[in-house]
$ cat query-v5.cif   # mmCIF, C-alpha atoms and all ligand atoms
data_work
#
loop_
_atom_site.label_atom_id
_atom_site.label_comp_id
_atom_site.auth_asym_id
_atom_site.auth_seq_id
_atom_site.Cartn_x
_atom_site.Cartn_y
_atom_site.Cartn_z
CA MET A 1 81.28 23.15 9.84
CA LEU A 2 81.77 19.45 9.14
CA GLY A 3 78.26 18.47 10.18
CA PRO A 4 76.46 19.90 7.10
CA VAL A 5 79.09 18.38 4.78
CA LEU A 6 78.56 14.95 6.31
CA LEU A 7 74.79 15.31 6.11
CA ALA A 8 75.10 16.22 2.43
CA ALA A 9 77.30 13.13 1.95
CA ALA A 10 74.61 11.05 3.66
CA GLY A 11 72.41 11.66 0.60
CA SER A 12 75.11 11.04 -2.02
CA ASP A 13 75.18 7.71 -3.84
CA HIS A 14 78.76 8.37 -4.92
CA VAL A 15 80.04 8.82 -1.35
CA ARG A 16 77.85 5.90 -0.25
CA ARG A 17 79.71 3.61 -2.67
CA LEU A 18 83.07 4.90 -1.46
CA VAL A 19 82.33 4.59 2.27
CA ALA A 20 80.24 1.42 2.20
CA GLY A 21 82.63 -0.24 -0.28
CA THR A 22 85.62 -0.29 2.05
CA PRO A 23 85.84 -3.02 4.69
CA LEU A 24 87.83 -0.51 6.79
CA THR A 25 84.58 1.25 7.65
CA ARG A 26 83.18 -1.82 9.39
CA PRO A 27 84.74 -1.47 12.88
CA VAL A 28 83.46 2.10 13.12
CA VAL A 29 79.99 1.14 11.94
CA ASP A 30 79.95 -1.58 14.61
CA ARG A 31 80.13 1.09 17.27
CA PHE A 32 76.68 2.37 16.26
CA VAL A 33 74.99 -0.63 14.60
CA ALA A 34 74.27 -3.95 16.33
CA GLY A 35 75.16 -6.01 13.24
CA GLU A 36 73.84 -6.94 9.82
CA GLU A 37 71.66 -9.90 10.84
CA LEU A 38 68.51 -10.18 12.93
CA ALA A 39 70.40 -12.66 15.15
CA ASP A 40 72.95 -9.91 15.93
CA ALA A 41 70.16 -7.53 16.94
CA LEU A 42 68.55 -10.16 19.18
CA HIS A 43 71.89 -10.92 20.81
CA THR A 44 72.48 -7.20 21.51
CA THR A 45 68.91 -6.84 22.78
CA ASP A 46 69.37 -9.73 25.24
CA GLY A 47 72.50 -8.07 26.62
CA LEU A 48 70.74 -4.72 27.09
CA LEU A 49 67.64 -6.29 28.70
CA ASP A 50 69.96 -8.15 31.12
CA GLN A 51 71.28 -4.75 32.23
CA GLY A 52 67.78 -3.54 33.15
CA LEU A 53 67.37 -1.47 29.97
CA THR A 54 64.57 -1.70 27.41
CA VAL A 55 64.98 -1.55 23.65
CA THR A 56 63.49 -0.19 20.43
CA LEU A 57 64.72 -1.99 17.31
CA ASP A 58 65.31 -0.29 13.97
CA ARG A 59 65.65 -2.61 10.97
CA LEU A 60 67.78 -0.24 8.92
CA GLY A 61 66.42 1.03 5.60
CA GLU A 62 65.24 4.35 4.22
CA SER A 63 64.52 6.36 1.07
CA VAL A 64 63.17 3.35 -0.83
CA THR A 65 62.46 3.97 -4.53
CA ASP A 66 61.34 0.44 -5.46
CA PRO A 67 57.93 -0.87 -4.31
CA ALA A 68 59.31 -4.41 -4.00
CA GLN A 69 61.96 -3.18 -1.56
CA ALA A 70 59.25 -1.48 0.52
CA THR A 71 57.43 -4.83 0.75
CA ARG A 72 60.66 -6.62 1.69
CA ASN A 73 61.28 -4.05 4.42
CA ARG A 74 57.77 -4.55 5.78
CA ASP A 75 58.23 -8.33 5.75
CA GLY A 76 61.56 -7.94 7.53
CA TYR A 77 59.76 -6.14 10.35
CA LEU A 78 57.05 -8.83 10.46
CA THR A 79 59.76 -11.46 10.91
CA LEU A 80 61.30 -9.32 13.64
CA VAL A 81 57.96 -9.19 15.50
CA ASP A 82 57.65 -13.00 15.26
CA GLU A 83 61.16 -13.42 16.67
CA LEU A 84 60.54 -11.03 19.57
CA ALA A 85 57.33 -12.88 20.42
CA ALA A 86 59.04 -16.29 20.16
CA ALA A 87 61.83 -15.11 22.47
CA GLY A 88 59.26 -13.81 24.97
CA ILE A 89 60.76 -10.31 24.99
CA ALA A 90 58.14 -8.35 23.00
CA GLU A 91 57.00 -6.37 26.04
CA ARG A 92 60.46 -4.95 26.61
CA ALA A 93 61.54 -4.58 22.99
CA GLU A 94 59.57 -2.25 20.75
CA LEU A 95 60.06 -1.25 17.10
CA SER A 96 61.07 1.99 15.39
CA VAL A 97 60.24 2.36 11.70
CA LYS A 98 60.97 4.91 8.99
CA LEU A 99 58.06 5.37 6.61
CA SER A 100 60.50 6.06 3.76
CA ALA A 101 61.63 2.43 4.16
CA PHE A 102 58.00 1.41 3.58
CA GLY A 103 57.62 3.40 0.35
CA GLN A 104 56.63 6.91 1.50
CA ALA A 105 58.67 8.56 -1.30
CA LEU A 106 57.07 6.50 -4.10
CA PRO A 107 54.16 7.83 -6.21
CA ASP A 108 51.12 7.28 -3.91
CA GLY A 109 53.76 6.70 -1.28
CA HIS A 110 51.68 8.01 1.59
CA ASP A 111 49.08 5.27 1.09
CA ILE A 112 51.66 2.57 0.34
CA ALA A 113 53.64 3.38 3.50
CA HIS A 114 50.42 3.57 5.52
CA ARG A 115 49.30 0.12 4.33
CA ASN A 116 52.73 -1.39 5.00
CA VAL A 117 53.16 0.07 8.46
CA ALA A 118 49.56 -0.79 9.44
CA ARG A 119 50.43 -4.49 8.97
CA VAL A 120 53.48 -4.13 11.21
CA VAL A 121 51.60 -2.15 13.86
CA ALA A 122 48.81 -4.76 13.98
CA ALA A 123 51.32 -7.62 14.29
CA ALA A 124 53.27 -5.75 16.96
CA SER A 125 50.12 -5.06 18.94
CA ALA A 126 49.07 -8.74 18.76
CA ALA A 127 52.54 -9.68 20.06
CA GLY A 128 52.26 -7.23 22.97
CA THR A 129 54.65 -4.59 21.70
CA ALA A 130 54.40 -1.19 19.97
CA VAL A 131 55.80 0.78 17.07
CA THR A 132 57.18 4.32 16.98
CA LEU A 133 57.33 6.16 13.64
CA ASP A 134 60.75 7.78 13.31
CA MET A 135 60.71 11.29 11.84
CA GLU A 136 62.73 12.04 8.72
CA ASP A 137 63.26 15.30 6.82
CA HIS A 138 60.73 18.13 7.11
CA ARG A 139 58.98 17.32 3.82
CA THR A 140 57.72 14.06 5.34
CA VAL A 141 56.33 15.44 8.60
CA ASP A 142 52.71 16.06 7.52
CA SER A 143 52.45 12.63 5.92
CA THR A 144 54.07 10.84 8.89
CA LEU A 145 51.89 12.60 11.46
CA ALA A 146 48.76 11.84 9.38
CA VAL A 147 49.70 8.14 9.31
CA HIS A 148 50.38 8.29 13.05
CA ARG A 149 46.92 9.81 13.69
CA ALA A 150 45.23 7.14 11.60
CA LEU A 151 47.14 4.28 13.24
CA ARG A 152 46.25 5.53 16.71
CA ALA A 153 42.53 5.00 16.04
CA ASP A 154 43.06 1.25 16.53
CA HIS A 155 46.48 1.26 18.21
CA PRO A 156 46.78 4.30 20.52
CA GLU A 157 50.15 3.04 21.78
CA THR A 158 51.80 3.89 18.43
CA GLY A 159 54.48 6.52 18.99
CA ALA A 160 55.55 9.60 17.00
CA VAL A 161 58.82 11.54 16.93
CA LEU A 162 59.02 15.34 17.00
CA GLN A 163 62.20 17.29 16.25
CA SER A 164 62.80 20.45 18.28
CA TYR A 165 64.82 22.07 15.46
CA LEU A 166 61.66 22.51 13.36
CA PHE A 167 59.72 25.73 13.96
CA ARG A 168 56.45 23.80 13.70
CA SER A 169 57.24 21.25 16.41
CA GLU A 170 56.04 23.32 19.35
CA GLU A 171 52.54 23.31 17.85
CA ASP A 172 52.82 19.60 17.06
CA CYS A 173 53.90 18.93 20.67
CA ARG A 174 50.91 20.88 21.96
CA ALA A 175 48.52 18.86 19.77
CA LEU A 176 50.01 15.46 20.60
CA ALA A 177 50.28 16.24 24.33
CA ALA A 178 46.55 17.02 24.35
CA ALA A 179 45.83 13.86 22.37
CA GLY A 180 47.58 11.75 25.02
CA ALA A 181 50.12 10.29 22.62
CA ARG A 182 53.49 8.63 23.11
CA VAL A 183 55.99 11.16 21.75
CA ARG A 184 59.75 10.84 21.41
CA LEU A 185 61.25 14.30 21.45
CA VAL A 186 64.61 14.69 19.70
CA LYS A 187 66.69 17.63 18.49
CA GLY A 188 66.63 16.44 14.85
CA ALA A 189 69.28 14.79 12.68
CA TYR A 190 68.70 16.01 9.11
CA ARG A 191 70.04 19.03 7.21
CA GLU A 192 67.16 21.48 7.22
CA PRO A 193 66.91 24.96 5.63
CA ALA A 194 66.62 28.15 7.69
CA GLU A 195 63.06 28.64 6.40
CA VAL A 196 61.80 25.73 8.48
CA ALA A 197 64.34 25.04 11.23
CA PHE A 198 66.49 26.70 13.88
CA GLN A 199 70.15 26.63 12.80
CA ARG A 200 71.88 27.50 16.08
CA ARG A 201 72.38 24.79 18.71
CA ALA A 202 71.29 27.11 21.53
CA GLU A 203 67.98 27.80 19.76
CA VAL A 204 67.40 24.09 19.15
CA ASP A 205 68.08 23.37 22.84
CA LEU A 206 65.71 26.11 24.02
CA ALA A 207 63.01 24.82 21.68
CA TYR A 208 63.63 21.33 23.09
CA VAL A 209 62.93 22.58 26.61
CA ARG A 210 59.75 24.40 25.51
CA CYS A 211 58.47 21.25 23.78
CA LEU A 212 59.47 19.04 26.69
CA ARG A 213 57.55 21.23 29.11
CA LEU A 214 54.41 20.87 26.94
CA LEU A 215 54.80 17.09 26.80
CA MET A 216 55.52 16.68 30.52
CA ASP A 217 52.54 18.89 31.44
CA GLY A 218 50.27 17.12 28.95
CA ASP A 219 48.32 13.87 28.95
CA GLY A 220 50.65 11.71 26.90
CA TYR A 221 53.75 9.62 27.51
CA PRO A 222 56.95 11.63 26.86
CA MET A 223 60.00 9.78 25.53
CA VAL A 224 63.08 11.94 26.07
CA GLY A 225 65.33 11.10 23.09
CA SER A 226 68.60 12.81 23.93
CA HIS A 227 72.11 12.20 25.27
CA ASP A 228 72.49 15.83 26.34
CA PRO A 229 73.22 15.89 30.11
CA ARG A 230 71.60 19.31 30.57
CA LEU A 231 68.39 18.25 28.84
CA ILE A 232 68.30 14.99 30.80
CA ALA A 233 68.56 16.92 34.08
CA ILE A 234 65.85 19.36 32.92
CA ALA A 235 63.60 16.45 31.92
CA GLU A 236 63.92 14.94 35.41
CA GLU A 237 63.03 18.28 36.96
CA LEU A 238 60.06 18.92 34.64
CA ALA A 239 58.74 15.40 35.26
CA LYS A 240 58.97 15.95 39.01
CA ARG A 241 57.16 19.29 38.79
CA ALA A 242 54.44 17.72 36.61
CA GLY A 243 53.96 15.00 39.24
CA ARG A 244 54.99 12.20 36.90
CA ALA A 245 56.09 8.88 38.39
CA ALA A 246 59.20 7.15 37.05
CA ASP A 247 57.07 4.87 34.84
CA ASP A 248 55.14 7.81 33.39
CA TYR A 249 57.88 8.85 30.94
CA GLU A 250 61.16 7.41 29.69
CA PHE A 251 64.62 8.28 28.48
CA GLN A 252 65.82 7.00 25.12
CA MET A 253 69.36 6.89 23.76
CA LEU A 254 71.08 5.42 20.74
CA PHE A 255 73.03 2.16 20.85
CA GLY A 256 76.72 2.86 21.43
CA ILE A 257 76.29 6.42 22.71
CA ARG A 258 76.75 7.27 26.42
CA ASP A 259 76.27 3.63 27.53
CA ALA A 260 77.38 4.41 31.09
CA GLU A 261 74.74 7.14 31.34
CA GLN A 262 72.10 4.70 30.10
CA ARG A 263 72.99 2.29 32.92
CA ARG A 264 73.29 5.08 35.50
CA LEU A 265 69.77 6.36 34.78
CA ALA A 266 68.34 2.82 34.87
CA ALA A 267 70.08 2.13 38.19
CA ARG A 268 68.40 5.26 39.59
CA GLY A 269 64.98 3.78 38.77
CA HIS A 270 64.35 5.47 35.41
CA ARG A 271 62.96 3.70 32.38
CA VAL A 272 65.67 3.77 29.73
CA ARG A 273 65.16 2.53 26.18
CA VAL A 274 68.09 1.94 23.83
CA TYR A 275 67.52 2.42 20.10
CA VAL A 276 69.19 -0.57 18.43
CA PRO A 277 69.68 -0.38 14.63
CA TYR A 278 70.64 -3.47 12.63
CA GLY A 279 70.82 -4.52 8.99
CA THR A 280 72.84 -3.94 5.88
CA ASP A 281 71.45 -0.53 4.91
CA TRP A 282 73.44 1.34 7.56
CA TYR A 283 74.96 4.13 5.47
CA GLY A 284 72.47 6.98 6.08
CA TYR A 285 72.19 6.19 9.79
CA PHE A 286 75.97 6.01 10.17
CA MET A 287 76.58 9.32 8.39
CA ARG A 288 74.03 11.09 10.60
CA ARG A 289 75.91 9.78 13.67
CA LEU A 290 79.19 11.14 12.25
CA ALA A 291 77.55 14.49 11.50
CA GLU A 292 76.22 14.84 15.05
CA ARG A 293 79.69 14.65 16.41
CA PRO A 294 82.45 15.34 13.91
CA ALA A 295 84.91 14.16 16.62
CA ASN A 296 83.71 10.69 15.60
CA LEU A 297 85.69 11.23 12.43
CA THR A 298 88.89 11.09 14.49
CA PHE A 299 87.77 7.72 15.80
CA PHE A 300 87.05 6.68 12.20
CA ALA A 301 90.43 7.96 10.96
CA ARG A 302 92.32 6.29 13.83
CA SER A 303 90.69 2.96 13.08
CA LEU A 304 91.91 3.26 9.48
CA VAL A 305 95.55 3.86 10.41
CA THR A 306 95.78 1.35 13.27
CA ARG A 307 94.63 -1.61 11.17
P1 LIG B 401 73.84 16.58 21.30
O1 LIG B 401 74.06 17.94 21.82
O2 LIG B 401 74.03 16.34 19.83
O3 LIG B 401 74.73 15.54 22.07
C1 LIG B 401 74.87 15.56 23.48
C2 LIG B 401 76.02 14.64 23.85
O4 LIG B 401 75.68 13.29 23.49
C3 LIG B 401 77.32 14.92 23.06
O5 LIG B 401 78.09 15.90 23.71
C4 LIG B 401 77.97 13.56 23.06
O6 LIG B 401 78.55 13.28 24.31
C5 LIG B 401 76.80 12.63 22.91
N1 LIG B 401 76.51 12.35 21.48
C6 LIG B 401 75.44 12.79 20.76
N2 LIG B 401 75.48 12.29 19.50
C7 LIG B 401 76.60 11.55 19.43
C8 LIG B 401 77.20 10.77 18.40
N3 LIG B 401 76.65 10.68 17.18
N4 LIG B 401 78.34 10.13 18.67
C9 LIG B 401 78.93 10.19 19.89
N5 LIG B 401 78.41 10.91 20.93
C10 LIG B 401 77.27 11.58 20.70
N6 LIG B 401 66.51 12.25 14.87
C11 LIG B 401 65.58 12.44 13.92
O7 LIG B 401 65.69 13.40 13.15
N7 LIG B 401 64.54 11.56 13.79
C12 LIG B 401 64.35 10.50 14.62
O8 LIG B 401 63.39 9.76 14.48
C13 LIG B 401 65.32 10.29 15.67
N8 LIG B 401 65.20 9.25 16.52
C14 LIG B 401 66.06 9.19 17.58
C15 LIG B 401 65.87 8.21 18.55
C16 LIG B 401 66.61 8.22 19.72
C17 LIG B 401 66.35 7.19 20.77
C18 LIG B 401 67.62 9.23 19.90
C19 LIG B 401 68.42 9.28 21.15
C20 LIG B 401 67.87 10.13 18.91
C21 LIG B 401 67.11 10.13 17.73
N9 LIG B 401 67.34 11.06 16.72
C22 LIG B 401 66.40 11.22 15.74
C23 LIG B 401 68.62 11.83 16.68
C24 LIG B 401 68.49 13.19 17.33
O9 LIG B 401 67.69 14.03 16.53
C25 LIG B 401 69.86 13.85 17.54
O10 LIG B 401 70.48 14.03 16.31
C26 LIG B 401 70.81 13.05 18.42
O11 LIG B 401 70.13 12.47 19.49
C27 LIG B 401 71.90 13.98 18.99
O12 LIG B 401 71.32 14.96 19.79
P2 LIG B 401 71.43 14.98 21.40
O13 LIG B 401 70.10 15.36 21.93
O14 LIG B 401 71.97 13.69 21.89
O15 LIG B 401 72.36 16.20 21.75
#
$ encode --input "query-v5.cif" --output "structure tokens"
Amino acid sequence: MLGPVLLAAAGSDHVRRLVAGTPLTRPVVDRFVAGEELADALHTTDGLLDQGLTVTLDRLGESVTDPAQATRNRDGYLTLVDELAAAGIAERAELSVKLSAFGQALPDGHDIAHRNVARVVAAASAAGTAVTLDMEDHRTVDSTLAVHRALRADHPETGAVLQSYLFRSEEDCRALAAAGARVRLVKGAYREPAEVAFQRRAEVDLAYVRCLRLLMDGDGYPMVGSHDPRLIAIAEELAKRAGRAADDYEFQMLFGIRDAEQRRLAARGHRVRVYVPYGTDWYGYFMRRLAERPANLTFFARSLVTR
């Protein structure tokens, strides 16, 4: 029951001011976010690479309503690419971007976001790394997949995310598997209406397996974005049946969630990529992490009383 309430709060400016305004929130945010500065993200990335993991970096930001902020977000990513190249880690550290951070919700937002992300994708490609377009709420899916299709003409390594909770995703998986694309499959983290999305966890999980089977049997590169032990075991089995080698797909997990499992999979020869968010605009990301696991609220509450 708490999940939908937290997801509603994720979109509320009033709650944002309350939560983000208290320094008491900080230690809990630190569990999920690498820090506010680029230097923090690079430090975390170094530590993860040293453990045999790979990384995808998210410079936090979303739902931009000011064109200047969209440009600043783009420039922040361009600086990030320069830093990855300078540190010589671009091949092992990719980028994840949200098109709403690049202006997708503005008037003419589709074209603005496309232009902004195209600059980042070109810079990333020149530096030897790649970009995956995160997927946001269902109203953005057509626009995001159209941008993804266009970007792939010059940069086929650009990744997309599909969310198994959406009814449409099975068809999208089929299309992207045939197109040979890199696809991160996730369950989905937004509050979606029953007209477009499965509401029961069991249905979302079953849809995940159907989509995963399509991706594993297809021509693309599946990126298994989940911490769910059952889905991870099923992914291994489906990959084996499809004759995929260990470098022909990868597991992805979020920074701060099931760290031991991340290391265990890597030690068994799997490719594991950790999604590392950093920056000051952490509120929406943080609230989605609380909503996924309301037990996190206990952790949050305990940190408030033990200070
Ligand atoms: P769950 O059943 O939710 O979790 C399985 C187990 O993982 C839980 O029992 C618990 O042990 C652990 N766990 C999961 N979440 C948490 C948490 N918040 N705190 C503590 N433990 C937890 N969603 C999108 O909508 N768009 C995206 O672009 C997107 N990108 C993602 C990128 C990556 C690399 C990953 C891993 C997830 C991404 N997500 C995205 C989020 C995703 O949709 C799910 O909300 C999230 O992964 C939780 O689902 P799960 O598959 O881990 O399964």
$ closest_atom_pairs --input "query-v5.cif" --of "chain A" --to "ligand LIG 401 (chain B)" --cutoff "7 Å" --atoms "all atoms listed in the file" --output "Markdown table"
| residue | atom | partner | partner_atom | distance |
| --- | --- | --- | --- | --- |
| A:Asp134 | CA | B:LIG401 | O8 | 3.5 |
| A:Met135 | CA | B:LIG401 | O8 | 4.1 |
| A:Glu136 | CA | B:LIG401 | N7 | 5.4 |
| A:Val161 | CA | B:LIG401 | O8 | 5.5 |
| A:Gln163 | CA | B:LIG401 | O7 | 6.1 |
| A:Val186 | CA | B:LIG401 | O9 | 4.5 |
| A:Lys187 | CA | B:LIG401 | O9 | 4.2 |
| A:Gly188 | CA | B:LIG401 | O9 | 3.1 |
| A:Ala189 | CA | B:LIG401 | O7 | 3.9 |
| A:Tyr190 | CA | B:LIG401 | O7 | 5.7 |
| A:Gly225 | CA | B:LIG401 | C19 | 4.1 |
| A:Ser226 | CA | B:LIG401 | O13 | 3.6 |
| A:His227 | CA | B:LIG401 | O14 | 3.7 |
| A:Asp228 | CA | B:LIG401 | C1 | 3.7 |
| A:Pro229 | CA | B:LIG401 | C1 | 6.8 |
| A:Gln252 | CA | B:LIG401 | C17 | 4.4 |
| A:Met253 | CA | B:LIG401 | C19 | 3.7 |
| A:Leu254 | CA | B:LIG401 | C19 | 4.7 |
| A:Ile257 | CA | B:LIG401 | N5 | 5.3 |
| A:Arg258 | CA | B:LIG401 | C5 | 6.4 |
| A:Val274 | CA | B:LIG401 | C17 | 6.3 |
| A:Tyr275 | CA | B:LIG401 | C17 | 5.0 |
| A:Arg289 | CA | B:LIG401 | N3 | 3.7 |
| A:Leu290 | CA | B:LIG401 | N3 | 5.6 |
| A:Ala291 | CA | B:LIG401 | N3 | 6.9 |
| A:Glu292 | CA | B:LIG401 | N3 | 4.7 |
| A:Arg293 | CA | B:LIG401 | C8 | 5.0 |
| A:Asn296 | CA | B:LIG401 | N4 | 6.2 |
$ write_last_selection --input "query-v5.cif" --atoms "C-alpha atoms" --output "short mmCIF file (atom, residue, chain, number, x, y, z; two decimals), keeping the file's coordinate frame"
data_model
loop_
_atom_site.label_atom_id
_atom_site.label_comp_id
_atom_site.auth_asym_id
_atom_site.auth_seq_id
_atom_site.Cartn_x
_atom_site.Cartn_y
_atom_site.Cartn_z
CA ASP A 134 60.75 7.78 13.31
CA MET A 135 60.71 11.29 11.84
CA GLU A 136 62.73 12.04 8.72
CA VAL A 161 58.82 11.54 16.93
CA GLN A 163 62.20 17.29 16.25
CA VAL A 186 64.61 14.69 19.70
CA LYS A 187 66.69 17.63 18.49
CA GLY A 188 66.63 16.44 14.85
CA ALA A 189 69.28 14.79 12.68
CA TYR A 190 68.70 16.01 9.11
CA GLY A 225 65.33 11.10 23.09
CA SER A 226 68.60 12.81 23.93
CA HIS A 227 72.11 12.20 25.27
CA ASP A 228 72.49 15.83 26.34
CA PRO A 229 73.22 15.89 30.11
CA GLN A 252 65.82 7.00 25.12
CA MET A 253 69.36 6.89 23.76
CA LEU A 254 71.08 5.42 20.74
CA ILE A 257 76.29 6.42 22.71
CA ARG A 258 76.75 7.27 26.42
CA VAL A 274 68.09 1.94 23.83
CA TYR A 275 67.52 2.42 20.10
CA ARG A 289 75.91 9.78 13.67
CA LEU A 290 79.19 11.14 12.25
CA ALA A 291 77.55 14.49 11.50
CA GLU A 292 76.22 14.84 15.05
CA ARG A 293 79.69 14.65 16.41
CA ASN A 296 83.71 10.69 15.60
#
$ residues_near_point --input "query-v5.cif" --point "(52.3, -5.7, 22.9)" --cutoff "12 Å" --atoms "only C-alpha atoms" --output "number ranges by chain"
A: 81-82, 84-85, 88-95, 120-131, 155-158
$ closest_residue --input "query-v5.cif" --among "A:Gln104, A:Thr71, A:Gln199, A:Thr298" --to "A:Tyr165" --atoms "all atoms listed in the file"
A:Gln199
$ atom_distance --input "query-v5.cif" --atom1 "atom CA of A:Arg201" --atom2 "atom CA of A:Ala10"
20.5 Å
$ atom_distance --input "query-v5.cif" --atom1 "atom CA of A:Leu48" --atom2 "atom CA of A:Lys98"
22.7 Å
$ residues_around --input "query-v5.cif" --residues "A:Val29" --least-positions-apart "5" --cutoff "9 Å" --atoms "only C-alpha atoms" --output "number ranges by chain"
A: 34-35, 282-283, 286, 300
$ residues_around --input "query-v5.cif" --residues "A:Thr280" --least-positions-apart "3" --cutoff "9 Å" --atoms "only C-alpha atoms" --output "list in words"
Gly35, Glu36, Glu37, Arg59, Leu60, Gly61 and Tyr283 of chain A
$ residues_around --input "query-v5.cif" --residues "A:Leu99" --least-positions-apart "2" --cutoff "9 Å" --atoms "only C-alpha atoms" --output "list in words"
Glu62, Ser63, Val97, Ala101, Phe102, Gly103, Gln104, Ala105, His110, Ala113, His114, Asn116, Val117, Leu133, Asp134, Met135, Glu136, Thr140 and Thr144 of chain A
$ atom_distance --input "query-v5.cif" --atom1 "atom CA of A:Leu238" --atom2 "atom CA of A:Arg268"
16.8 Å
$ residues_around --input "query-v5.cif" --residues "A:Gly11" --least-positions-apart "2" --cutoff "12 Å" --atoms "all atoms listed in the file" --output "PyMOL selection string"
chain A and resi 4-9+13-17+62-63+137+190-191+283-288
$ residues_around --input "query-v5.cif" --residues "A:Pro107" --least-positions-apart "4" --cutoff "10 Å" --atoms "all atoms listed in the file" --output "PyMOL selection string"
chain A and resi 65+67+103+111-112
$ closest_residue --input "query-v5.cif" --among "A:Ala175, A:Leu162, A:Glu170, A:Ala194" --to "A:Leu206" --atoms "all atoms listed in the file"
A:Glu170
$ closest_residue --input "query-v5.cif" --among "A:Arg213, A:Gly218, A:Gly3, A:Gly269" --to "A:Glu237" --atoms "all atoms listed in the file"
A:Arg213
